[in-house]
Protein chains: 4
Amino acid sequence: MRNELRVAVVGAGLMGSDHVERLANRIAGASVVAVVDVDAERAQRVASKAPGAIAATELGSLLTGDRIDAVVIATPGFLHEKTLLQAIEQGKPILCEKPLTPDAASSWRIIEEEQKIGRKLIQVGFMRRFDREYRQLRRLIESREMGDTLMLHFSHRNAVSPSSFTSQMLINDSVVHEFDGVRYLTGEEITTVQVRLGRPTRHAHHGQHDPQQVLMETESGILVDVEIFVNAQFGYQVAAQAVFEDGIVDIGNDIGPYIRSSGRWGGAVPPSFVERFNDAFNLELQTWVDAAREGTVNGPSAWDGYATAACCEAGVAAQKTGQKVKVALNEKPALYSDEKVATAA
Amino acid sequence: MRNELRVAVVGAGLMGSDHVERLANRIAGASVVAVVDVDAERAQRVASKAPGAIAATELGSLLTGDRIDAVVIATPGFLHEKTLLQAIEQGKPILCEKPLTPDAASSWRIIEEEQKIGRKLIQVGFMRRFDREYRQLRRLIESREMGDTLMLHFSHRNAVSPSSFTSQMLINDSVVHEFDGVRYLTGEEITTVQVRLGRPTRHAHHGQHDPQQVLMETESGILVDVEIFVNAQFGYQVAAQAVFEDGIVDIGNDIGPYIRSSGRWGGAVPPSFVERFNDAFNLELQTWVDAAREGTVNGPSAWDGYATAACCEAGVAAQKTGQKVKVALNEKPALYSDEKVATAA
Amino acid sequence: MRNELRVAVVGAGLMGSDHVERLANRIAGASVVAVVDVDAERAQRVASKAPGAIAATELGSLLTGDRIDAVVIATPGFLHEKTLLQAIEQGKPILCEKPLTPDAASSWRIIEEEQKIGRKLIQVGFMRRFDREYRQLRRLIESREMGDTLMLHFSHRNAVSPSSFTSQMLINDSVVHEFDGVRYLTGEEITTVQVRLGRPTRHAHHGQHDPQQVLMETESGILVDVEIFVNAQFGYQVAAQAVFEDGIVDIGNDIGPYIRSSGRWGGAVPPSFVERFNDAFNLELQTWVDAAREGTVNGPSAWDGYATAACCEAGVAAQKTGQKVKVALNEKPALYSDEKVATAA
Amino acid sequence: MRNELRVAVVGAGLMGSDHVERLANRIAGASVVAVVDVDAERAQRVASKAPGAIAATELGSLLTGDRIDAVVIATPGFLHEKTLLQAIEQGKPILCEKPLTPDAASSWRIIEEEQKIGRKLIQVGFMRRFDREYRQLRRLIESREMGDTLMLHFSHRNAVSPSSFTSQMLINDSVVHEFDGVRYLTGEEITTVQVRLGRPTRHAHHGQHDPQQVLMETESGILVDVEIFVNAQFGYQVAAQAVFEDGIVDIGNDIGPYIRSSGRWGGAVPPSFVERFNDAFNLELQTWVDAAREGTVNGPSAWDGYATAACCEAGVAAQKTGQKVKVALNEKPALYSDEKVATAA
């Protein structure tokens, strides 16, 4: 019997806590052995959800020796770089929540460290790649059975956003998923980004322009548009429409039960990404655990983290000018050359 | 230019009034020249909606002479027989709201009179035959492109029913549409009827068992079930599912606009048959006018009125016993022998 | 009884022929008295579909005297101006197929002539305003029950286009419907147009860039995007999604029957606009006839024809530069000041 | 850390093999330690899919001692009784594929043995209780937020059936799922069963009457109808519609991606129950493992196995007579008295 993967989860906030519960109760072949958070009490509270897990306030000493096999990083993005470098140094497999790091320069440093090790250690938390319909759409695109892909139309709508969620975060925290989604679905890098700011909703917070429309082009000239709307009120919705030479494919349709009552037909919209992508999160973690036990990575890589960081930088610049901004990417290192953007099995 | 069909509408209630408005404003080639109702004031009020129409309290004198070309009968069912006989005697084309007459015996007398004239004069108001999807389903069944039809599942739901709407009327006034629908769709007569009375809704009125399930068999053994539910609260819905050897077809699905708001996706259910079958009523009248101007009938015939009356009699008997009841039909006269049940173009 | 509207139809091509059949067989209160086409034989063939209609090769002599009450113009767009001026001079109500005229300058000349007459005579053939769902969406927007409208996403897809259909015609003949649609739905003029040319389909003809994405802004800053795709292969589709402050509304969803067969669920896509907008064409003509008999216009006006011509000019310019182009409009004359863009009852 | 549940899987056919893979790769907290099959080679082949599992040809010796914690039974139904009795004797938690045993009398013997032990050991493999929509529908029914449940309409359609699949098996192997489904959804026992045999499909095998309609009543008078169609050709479909006093709920709608191509809109129908209920199988096993590790049962019980066996007996009798047949149940033992029919968390 293969040994279980012994995981340390760094960051005991909402996402870290969810990952602890998943690893403890839903994922085969893994167990949580440590929960790390600067807030000792919070670390303890979350650790108690996983039988046998200890709480700690720093990862460092856990990494040396043979007490843990792998690391999940679920701290705020600006703290990722340090933890990543520690874990890479010890050669531990890592699942790092998005963003890899907050900007392209720091992401590139991670890329450089991973190259020194000479094998991939990092999977970035772009969970949409594990959504059933995203995967089916990617297969349809790859198969070319409906011809070339010509356009992609996305909507990304949240019921409400925190008041601290700035205009820039619409790009960096929300559209980052579509940046990766476009790359995943098409297997192409994004070359330009443009942003349109129209009529804002009365529900927008101070410092937010909401909604926005983000336009992109890919290497082969596929036109992409994304509606990002983080105070859409009605619920959470993520949908995409692919326009092919020989047909149209929609993913992210509303689901049942289907109810007729009070003069209306229809069903419920999920309140947030937690319900919408629950299955995807499970599959993301299971895929990471399965690969980590084999010493491989089979999900979005550090290159994907770097490339989306570059898109975000272009997007934030484009918000200011309204003009098309080019996405600047370094040459892709050989370590990632097998990825057609990146492969999730 | 062909002359316009000059129509007398008998009965100035809700349905008669609607027909007057349709003929006056939406139907090509016809005009309303008289509105007849025992209530003179009501006749006058409705007549005023059709430019040039007069009001009258009885049809008799209008029928003789050359003042009208055709008759629409929209009085309560128990009054139909007398008006039908008058109009048949004068050889006038008739659109008679369902039921033709309230029972099989009186309907058979109409059949006998029409045979004496030797040509069809009567179209019965089974408007579902003019619904776009009913027609498409009939074509699919006739074409046999999905093989034989094996089963038909119907739902027929009203938001509310009047307190005077008895259990018997669930059969005679509501399921009568499915009796004709089954005959229209399959081209077969119905051979047996069974009724299941289960758990009643708290919204049922005194003297009503609501909902009910009506089971039928056709000549070739197609199994039919109908849910009739006249206090379903949520709105009006008429739907059917046909089970073929090689696939399944649904008609009567809910329609758009499609709205996402307040945590729900979906749309509005129409409140009543008026909105649901508006287009069908228009087409029914236009088809009748077109045929009447040519001296023909191109819709459900007196035979359809008679056969459904026989089904209703069996259905009411079946409500009492819970057992299968055979439908008793006289032999079909030659006058109707061209009808595969009945043809709407 | 009000008199029937005696109509001359100018242009006996596909659209003119359809209008003749509608007026003859489906529209109440109108009759076709003349069909005019430079091709005498074609005029005769189409005239034969309307009992009592004569054929003619020019409209001029018919307009004088009292033989016709109104004119339907269904010739190619470049021929409209002359016929319009003739009919306006005689004070005849006109239903003019889109475009009013091919460019803003000539449309403005029509505007000037209509002002001289001092009352509106012209309805332009933007039939989408008569589509059930377009009307419902307009009501939702006007009611503000879901708050302000923030964005509009359109798709406009044809199965195939003729080989003569140039890139410019994607704007002038196809997107012209969305130009008017945006104006109708929002009650606002369009202020800027931008065009994105991405990866073309292999099914595009020489001289066509297909598909394209057209971006617009309205007076209040509503962002609009239109995918125009005239060789989309799968069938005909026209859909729109409105993004409100408090919800999302989709129109143009696919319709039934709903079929499960051969491993697929779903239904048929209509092959062309003829099937999709059949009901809208009927209602458009009936609305025009009803209003013309009252001496009024109750549909898209000459101003709508002029304003969309100005949008088309901006769109064609925008195709060349890829940049935002401003739409230049003259001041709106008092004659059209009652229109919140334009009102269809 | 709680110990992993060490499971022996008995039966290495299709279903047993699937369960081995699930337990090995998708289920947290369990491992397969033995695969038992009379065919030694087959046992070995399947055991090789689970790291550390041994192969055996009989369960007996494994049960004694401390080598296994729990048993999954996936042999043909007629072999269940013996294995169940062995495992009950050793006090091992059991997941037994449906049917519990092939008839009510033998199921009652299992009930008696389990009572001797004095606690529940058995979960029966009615996986629909673990389907997301079934669970949501049950909650809606229990909550009574749409009033009382009045009717349930089911369809259960397979693309094709093996030629050995007899008419009796339509009840015992297919409708058995609806027997349990009705009990699960309503929390009521089924009191009568009637079967209608109509027009058979040309795709039916010799010895099969296909499709059939099964009618049931529950304790409170809820009317149920089930269309069972095991050669429906188009694919696999399981759907249900609940009729409430204040609305209608459908589950089992078709899912995306949503495709428009070749003149059709729609999507793919799953070929079999494997794809349709994949998530339900995962949840069923996880629920069983979680409960077994706590020494409890949290899914359909032996009582559910017994009660559905009684329904099947009534159904097979009803096939022969066409009449309503009463379902005969012994009194419910105290051991199962907490179950409102049966509770899945």
# chains A, B, ... in the order shown; residues from 1 in each chain; ligands from 1
>>> select_by_dssp(residues="region 2-244 of chain C", states="strand (DSSP E)", output="number ranges by chain")
C: 5-10, 30-36, 54-56, 70-73, 94-96, 122-124, 149-157, 190-197, 212-218, 223-229, 237-244
>>> select_by_dssp(residues="region 145-229 of chain C", states="alpha helix (DSSP H)", output="short mmCIF file (atom, residue, chain, number, x, y, z; two decimals) with all heavy atoms, in the first residue's frame")
data_model
loop_
_atom_site.label_atom_id
_atom_site.label_comp_id
_atom_site.auth_asym_id
_atom_site.auth_seq_id
_atom_site.Cartn_x
_atom_site.Cartn_y
_atom_site.Cartn_z
N SER C 167 -17.79 42.51 -46.20
CA SER C 167 -17.53 42.91 -44.82
C SER C 167 -18.37 44.10 -44.42
O SER C 167 -18.89 44.17 -43.31
CB SER C 167 -16.05 43.28 -44.65
OG SER C 167 -15.35 42.26 -44.02
N GLN C 168 -18.49 45.05 -45.34
CA GLN C 168 -19.27 46.25 -45.06
C GLN C 168 -20.75 45.91 -44.84
O GLN C 168 -21.42 46.52 -44.01
CB GLN C 168 -19.11 47.18 -46.28
CG GLN C 168 -19.57 48.58 -46.04
CD GLN C 168 -19.12 49.50 -47.18
OE1 GLN C 168 -18.02 49.33 -47.75
NE2 GLN C 168 -19.96 50.45 -47.52
N MET C 169 -21.23 44.88 -45.54
CA MET C 169 -22.63 44.49 -45.40
C MET C 169 -22.88 43.82 -44.04
O MET C 169 -24.02 43.82 -43.57
CB MET C 169 -23.05 43.58 -46.55
CG MET C 169 -23.10 44.32 -47.88
SD MET C 169 -23.24 43.21 -49.31
CE MET C 169 -25.02 42.90 -49.30
N VAL C 176 -27.10 46.50 -38.48
CA VAL C 176 -28.10 47.57 -38.49
C VAL C 176 -29.28 47.19 -37.58
O VAL C 176 -29.87 48.05 -36.92
CB VAL C 176 -28.56 47.88 -39.93
CG1 VAL C 176 -29.29 46.71 -40.55
CG2 VAL C 176 -29.41 49.14 -39.97
N HIS C 177 -29.60 45.90 -37.51
CA HIS C 177 -30.70 45.47 -36.63
C HIS C 177 -30.34 45.66 -35.16
O HIS C 177 -31.19 45.99 -34.35
CB HIS C 177 -31.04 43.99 -36.89
CG HIS C 177 -31.88 43.78 -38.10
ND1 HIS C 177 -33.18 44.22 -38.19
CD2 HIS C 177 -31.61 43.19 -39.29
CE1 HIS C 177 -33.68 43.90 -39.37
NE2 HIS C 177 -32.75 43.28 -40.06
N GLU C 178 -29.08 45.42 -34.81
CA GLU C 178 -28.68 45.67 -33.43
C GLU C 178 -28.56 47.16 -33.16
O GLU C 178 -28.87 47.61 -32.05
CB GLU C 178 -27.36 44.96 -33.11
CG GLU C 178 -27.55 43.51 -32.70
CD GLU C 178 -27.80 42.58 -33.89
OE1 GLU C 178 -27.43 42.96 -35.02
OE2 GLU C 178 -28.36 41.50 -33.69
N PHE C 179 -28.11 47.94 -34.14
CA PHE C 179 -28.10 49.39 -33.93
C PHE C 179 -29.51 49.84 -33.54
O PHE C 179 -29.70 50.55 -32.56
CB PHE C 179 -27.63 50.13 -35.20
CG PHE C 179 -26.15 50.02 -35.46
CD1 PHE C 179 -25.66 49.86 -36.76
CD2 PHE C 179 -25.22 50.12 -34.43
CE1 PHE C 179 -24.30 49.77 -37.02
CE2 PHE C 179 -23.86 50.04 -34.68
CZ PHE C 179 -23.39 49.86 -35.98
N ASP C 180 -30.48 49.40 -34.32
CA ASP C 180 -31.84 49.81 -33.96
C ASP C 180 -32.29 49.14 -32.66
O ASP C 180 -32.97 49.76 -31.85
CB ASP C 180 -32.83 49.48 -35.07
CG ASP C 180 -34.20 50.07 -34.74
OD1 ASP C 180 -34.29 51.31 -34.67
OD2 ASP C 180 -35.15 49.30 -34.51
N GLY C 181 -31.89 47.88 -32.48
CA GLY C 181 -32.29 47.15 -31.27
C GLY C 181 -31.81 47.84 -30.01
O GLY C 181 -32.55 47.99 -29.04
N VAL C 182 -30.55 48.27 -30.00
CA VAL C 182 -30.01 48.98 -28.84
C VAL C 182 -30.81 50.24 -28.59
O VAL C 182 -31.19 50.56 -27.45
CB VAL C 182 -28.52 49.32 -29.06
CG1 VAL C 182 -28.01 50.28 -27.99
CG2 VAL C 182 -27.70 48.04 -29.08
N ARG C 183 -31.07 50.98 -29.63
CA ARG C 183 -31.83 52.23 -29.50
C ARG C 183 -33.24 51.97 -29.00
O ARG C 183 -33.76 52.66 -28.13
CB ARG C 183 -31.85 52.96 -30.85
CG ARG C 183 -30.44 53.35 -31.35
CD ARG C 183 -30.49 53.94 -32.76
NE ARG C 183 -31.24 55.18 -32.77
CZ ARG C 183 -32.49 55.30 -33.20
NH1 ARG C 183 -33.14 54.24 -33.69
NH2 ARG C 183 -33.10 56.46 -33.14
N TYR C 184 -33.87 50.93 -29.55
CA TYR C 184 -35.24 50.58 -29.13
C TYR C 184 -35.27 50.14 -27.68
O TYR C 184 -36.13 50.57 -26.90
CB TYR C 184 -35.75 49.47 -30.05
CG TYR C 184 -37.04 48.83 -29.58
CD1 TYR C 184 -38.24 49.54 -29.61
CD2 TYR C 184 -37.05 47.52 -29.12
CE1 TYR C 184 -39.43 48.95 -29.18
CE2 TYR C 184 -38.24 46.93 -28.69
CZ TYR C 184 -39.42 47.65 -28.72
OH TYR C 184 -40.58 47.06 -28.29
N LEU C 185 -34.35 49.26 -27.32
CA LEU C 185 -34.38 48.69 -25.97
C LEU C 185 -34.04 49.71 -24.91
O LEU C 185 -34.68 49.76 -23.86
CB LEU C 185 -33.42 47.49 -25.88
CG LEU C 185 -33.83 46.26 -26.69
CD1 LEU C 185 -32.68 45.25 -26.72
CD2 LEU C 185 -35.08 45.61 -26.14
N THR C 186 -33.04 50.54 -25.19
CA THR C 186 -32.57 51.47 -24.15
C THR C 186 -33.25 52.83 -24.22
O THR C 186 -33.21 53.59 -23.25
CB THR C 186 -31.05 51.72 -24.28
OG1 THR C 186 -30.81 52.38 -25.54
CG2 THR C 186 -30.27 50.43 -24.23
#
>>> residues_around(residues="region 40-50 of chain A", least_positions_apart="4", cutoff="6 Å", atoms="only C-alpha atoms", output="list in words")
Ala12, Ser17, Ala24, Val35, Val36, Ala55 and Thr57 of chain A
>>> closest_residue(among="A:Thr321, A:Thr201, A:Gln86, A:Ser272", to="chain C", atoms="only C-alpha atoms")
A:Thr201
>>> closest_atom_pairs(of="chain C", to="chain A", cutoff="7 Å", atoms="only C-alpha atoms", output="CSV")
residue,atom,partner,partner_atom,distance
C:Leu150,CA,A:Arg199,CA,5.5
C:Gly198,CA,A:Gly221,CA,5.2
C:Arg199,CA,A:Gly221,CA,5.0
C:Pro200,CA,A:Leu150,CA,6.9
C:Thr201,CA,A:Glu245,CA,5.4
C:Gly221,CA,A:Arg199,CA,5.0
C:Ile222,CA,A:Arg199,CA,5.5
C:Leu223,CA,A:Gly198,CA,5.6
C:Ala232,CA,A:Asp246,CA,6.2
C:Gln233,CA,A:Asp246,CA,5.5
C:Phe234,CA,A:Gly247,CA,5.5
C:Glu245,CA,A:Thr201,CA,5.4
C:Asp246,CA,A:Gln233,CA,5.5
C:Gly247,CA,A:Phe234,CA,5.5
>>> residues_around(residues="Gly267 (chain A)", least_positions_apart="4", cutoff="7 Å", atoms="only C-alpha atoms", output="list of chain:residue names")
A:Gly256, A:Pro257, A:Tyr258, A:Ile259, B:Arg264, B:Trp265, B:Gly266
>>> write_last_selection(atoms="N, CA, C and O atoms", output="short mmCIF file (atom, residue, chain, number, x, y, z; two decimals), in the first residue's frame")
data_model
loop_
_atom_site.label_atom_id
_atom_site.label_comp_id
_atom_site.auth_asym_id
_atom_site.auth_seq_id
_atom_site.Cartn_x
_atom_site.Cartn_y
_atom_site.Cartn_z
N GLY A 256 -30.64 22.30 -11.88
CA GLY A 256 -31.88 21.99 -11.17
C GLY A 256 -31.67 21.79 -9.70
O GLY A 256 -30.57 21.95 -9.21
N PRO A 257 -32.70 21.36 -8.95
CA PRO A 257 -34.07 21.10 -9.37
C PRO A 257 -34.74 22.28 -10.08
O PRO A 257 -34.37 23.44 -9.86
N TYR A 258 -35.72 21.90 -10.88
CA TYR A 258 -36.48 22.83 -11.70
C TYR A 258 -37.86 22.98 -11.05
O TYR A 258 -38.56 21.99 -10.89
N ILE A 259 -38.18 24.20 -10.70
CA ILE A 259 -39.39 24.44 -9.89
C ILE A 259 -40.37 25.35 -10.62
O ILE A 259 -39.97 26.32 -11.24
N ARG B 264 -32.68 33.41 -8.01
CA ARG B 264 -33.39 32.45 -8.86
C ARG B 264 -33.07 32.67 -10.32
O ARG B 264 -32.85 33.78 -10.79
N TRP B 265 -33.05 31.58 -11.08
CA TRP B 265 -33.01 31.67 -12.54
C TRP B 265 -34.35 31.17 -13.04
O TRP B 265 -34.98 30.33 -12.40
N GLY B 266 -34.80 31.66 -14.19
CA GLY B 266 -36.03 31.16 -14.76
C GLY B 266 -36.87 32.24 -15.39
O GLY B 266 -36.34 33.28 -15.81
#
>>> residues_around(residues="Val193 (chain A)", least_positions_apart="2", cutoff="10 Å", atoms="only C-alpha atoms", output="ChimeraX atom specification")
/A:179,190-191,195,214-218,224-225,311-319,322-327
>>> write_last_selection(atoms="N, CA, C and O atoms", output="mmCIF file, in the first residue's frame")
data_model
loop_
_atom_site.group_PDB
_atom_site.id
_atom_site.type_symbol
_atom_site.label_atom_id
_atom_site.label_comp_id
_atom_site.auth_asym_id
_atom_site.auth_seq_id
_atom_site.Cartn_x
_atom_site.Cartn_y
_atom_site.Cartn_z
ATOM 1 N N PHE A 179 -8.217 34.746 -17.172
ATOM 2 C CA PHE A 179 -6.903 34.728 -17.830
ATOM 3 C C PHE A 179 -6.411 33.283 -17.907
ATOM 4 O O PHE A 179 -5.998 32.803 -18.956
ATOM 5 N N ILE A 190 -2.120 34.686 -23.966
ATOM 6 C CA ILE A 190 -2.868 35.917 -24.226
ATOM 7 C C ILE A 190 -1.871 36.985 -24.641
ATOM 8 O O ILE A 190 -0.839 37.155 -24.006
ATOM 9 N N THR A 191 -2.186 37.721 -25.720
ATOM 10 C CA THR A 191 -1.217 38.688 -26.239
ATOM 11 C C THR A 191 -1.563 40.132 -25.898
ATOM 12 O O THR A 191 -0.673 40.951 -25.724
ATOM 13 N N VAL A 195 -9.570 47.152 -21.500
ATOM 14 C CA VAL A 195 -10.639 47.184 -20.493
ATOM 15 C C VAL A 195 -11.619 48.308 -20.813
ATOM 16 O O VAL A 195 -11.208 49.425 -21.119
ATOM 17 N N VAL A 214 -13.572 43.146 -20.009
ATOM 18 C CA VAL A 214 -12.166 42.938 -20.352
ATOM 19 C C VAL A 214 -12.099 42.213 -21.699
ATOM 20 O O VAL A 214 -12.721 41.165 -21.871
ATOM 21 N N LEU A 215 -11.356 42.811 -22.637
ATOM 22 C CA LEU A 215 -11.196 42.228 -23.978
ATOM 23 C C LEU A 215 -9.787 41.692 -24.118
ATOM 24 O O LEU A 215 -8.830 42.339 -23.692
ATOM 25 N N MET A 216 -9.645 40.524 -24.716
ATOM 26 C CA MET A 216 -8.316 39.944 -24.909
ATOM 27 C C MET A 216 -8.195 39.402 -26.329
ATOM 28 O O MET A 216 -9.187 39.115 -26.979
ATOM 29 N N GLU A 217 -6.942 39.210 -26.733
ATOM 30 C CA GLU A 217 -6.639 38.459 -27.952
ATOM 31 C C GLU A 217 -5.624 37.374 -27.594
ATOM 32 O O GLU A 217 -4.803 37.575 -26.704
ATOM 33 N N THR A 218 -5.698 36.258 -28.280
ATOM 34 C CA THR A 218 -4.716 35.197 -28.049
ATOM 35 C C THR A 218 -3.735 35.152 -29.219
ATOM 36 O O THR A 218 -3.907 35.852 -30.214
ATOM 37 N N VAL A 224 -11.584 37.490 -27.213
ATOM 38 C CA VAL A 224 -12.184 37.114 -25.941
ATOM 39 C C VAL A 224 -12.821 38.343 -25.310
ATOM 40 O O VAL A 224 -12.255 39.438 -25.378
ATOM 41 N N ASP A 225 -14.014 38.191 -24.732
ATOM 42 C CA ASP A 225 -14.556 39.255 -23.884
ATOM 43 C C ASP A 225 -15.029 38.642 -22.584
ATOM 44 O O ASP A 225 -15.547 37.533 -22.548
ATOM 45 N N CYS A 311 -0.571 38.789 -17.323
ATOM 46 C CA CYS A 311 -1.855 39.259 -17.849
ATOM 47 C C CYS A 311 -2.479 40.274 -16.897
ATOM 48 O O CYS A 311 -3.031 41.290 -17.314
ATOM 49 N N CYS A 312 -2.424 39.971 -15.603
ATOM 50 C CA CYS A 312 -3.001 40.887 -14.620
ATOM 51 C C CYS A 312 -2.330 42.252 -14.677
ATOM 52 O O CYS A 312 -2.989 43.289 -14.625
ATOM 53 N N GLU A 313 -1.011 42.243 -14.809
ATOM 54 C CA GLU A 313 -0.309 43.526 -14.915
ATOM 55 C C GLU A 313 -0.790 44.317 -16.127
ATOM 56 O O GLU A 313 -1.028 45.522 -16.046
ATOM 57 N N ALA A 314 -0.944 43.614 -17.252
ATOM 58 C CA ALA A 314 -1.440 44.290 -18.452
ATOM 59 C C ALA A 314 -2.875 44.788 -18.219
ATOM 60 O O ALA A 314 -3.242 45.892 -18.639
ATOM 61 N N GLY A 315 -3.681 43.985 -17.548
ATOM 62 C CA GLY A 315 -5.075 44.357 -17.307
ATOM 63 C C GLY A 315 -5.200 45.596 -16.440
ATOM 64 O O GLY A 315 -6.008 46.496 -16.726
ATOM 65 N N VAL A 316 -4.402 45.681 -15.409
ATOM 66 C CA VAL A 316 -4.456 46.839 -14.524
ATOM 67 C C VAL A 316 -4.000 48.095 -15.269
ATOM 68 O O VAL A 316 -4.590 49.181 -15.122
ATOM 69 N N ALA A 317 -2.976 47.946 -16.115
ATOM 70 C CA ALA A 317 -2.553 49.078 -16.940
ATOM 71 C C ALA A 317 -3.681 49.476 -17.897
ATOM 72 O O ALA A 317 -3.962 50.666 -18.113
ATOM 73 N N ALA A 318 -4.362 48.482 -18.466
ATOM 74 C CA ALA A 318 -5.414 48.754 -19.442
ATOM 75 C C ALA A 318 -6.621 49.443 -18.802
ATOM 76 O O ALA A 318 -7.342 50.200 -19.455
ATOM 77 N N GLN A 319 -6.879 49.181 -17.543
ATOM 78 C CA GLN A 319 -7.976 49.873 -16.846
ATOM 79 C C GLN A 319 -7.779 51.382 -16.893
ATOM 80 O O GLN A 319 -8.743 52.141 -16.939
ATOM 81 N N GLY A 322 -7.816 52.555 -21.196
ATOM 82 C CA GLY A 322 -8.877 52.193 -22.142
ATOM 83 C C GLY A 322 -8.315 51.652 -23.444
ATOM 84 O O GLY A 322 -9.065 51.260 -24.338
ATOM 85 N N GLN A 323 -6.996 51.629 -23.581
ATOM 86 C CA GLN A 323 -6.363 51.155 -24.812
ATOM 87 C C GLN A 323 -5.923 49.695 -24.674
ATOM 88 O O GLN A 323 -5.809 49.174 -23.573
ATOM 89 N N LYS A 324 -5.651 49.056 -25.799
ATOM 90 C CA LYS A 324 -5.085 47.710 -25.830
ATOM 91 C C LYS A 324 -3.680 47.733 -25.238
ATOM 92 O O LYS A 324 -2.857 48.569 -25.629
ATOM 93 N N VAL A 325 -3.386 46.837 -24.332
ATOM 94 C CA VAL A 325 -2.046 46.747 -23.748
ATOM 95 C C VAL A 325 -1.470 45.367 -24.061
ATOM 96 O O VAL A 325 -2.160 44.358 -23.918
ATOM 97 N N LYS A 326 -0.209 45.345 -24.499
ATOM 98 C CA LYS A 326 0.433 44.064 -24.809
ATOM 99 C C LYS A 326 0.844 43.340 -23.534
ATOM 100 O O LYS A 326 1.262 43.963 -22.568
ATOM 101 N N VAL A 327 0.732 42.031 -23.549
ATOM 102 C CA VAL A 327 1.171 41.217 -22.421
ATOM 103 C C VAL A 327 2.634 40.820 -22.663
ATOM 104 O O VAL A 327 2.946 40.236 -23.701
#
>>> residues_around(residues="Glu284 (chain B)", least_positions_apart="4", cutoff="9 Å", atoms="only C-alpha atoms", output="PyMOL selection string")
chain B and resi 125-131+279-280+288-289+299
>>> residues_around(residues="region 331-342 of chain A", least_positions_apart="3", cutoff="10 Å", atoms="only C-alpha atoms", output="number ranges by chain")
A: 111-112, 114-115, 118-120, 129, 180, 182-189, 298-304, 307, 328, 345
>>> atom_distance(atom1="CA of Glu133 (chain B)", atom2="CA of Tyr236 (chain C)")
19.2 Å
>>> atom_distance(atom1="CA of Ile228 (chain D)", atom2="CA of Asn172 (chain D)")
11.5 Å
>>> decode(residues="region 214-235 of chain A", atoms="C-alpha atoms", output="CSV table (one decimal), in the first residue's frame")
chain,number,residue,atom,x,y,z
A,214,VAL,CA,-12.2,42.9,-20.4
A,215,LEU,CA,-11.2,42.2,-24.0
A,216,MET,CA,-8.3,39.9,-24.9
A,217,GLU,CA,-6.6,38.5,-28.0
A,218,THR,CA,-4.7,35.2,-28.0
A,219,GLU,CA,-1.7,34.2,-30.1
A,220,SER,CA,-3.8,32.9,-33.0
A,221,GLY,CA,-6.2,35.9,-32.9
A,222,ILE,CA,-9.1,34.4,-30.9
A,223,LEU,CA,-11.2,37.3,-29.6
A,224,VAL,CA,-12.2,37.1,-25.9
A,225,ASP,CA,-14.6,39.3,-23.9
A,226,VAL,CA,-15.2,38.9,-20.2
A,227,GLU,CA,-17.9,40.6,-18.2
A,228,ILE,CA,-16.7,40.9,-14.6
A,229,PHE,CA,-19.5,42.0,-12.3
A,230,VAL,CA,-18.7,41.6,-8.6
A,231,ASN,CA,-22.0,43.1,-7.1
A,232,ALA,CA,-24.5,41.4,-9.4
A,233,GLN,CA,-26.9,40.8,-6.6
A,234,PHE,CA,-28.8,37.8,-8.0
A,235,GLY,CA,-26.1,35.2,-7.0
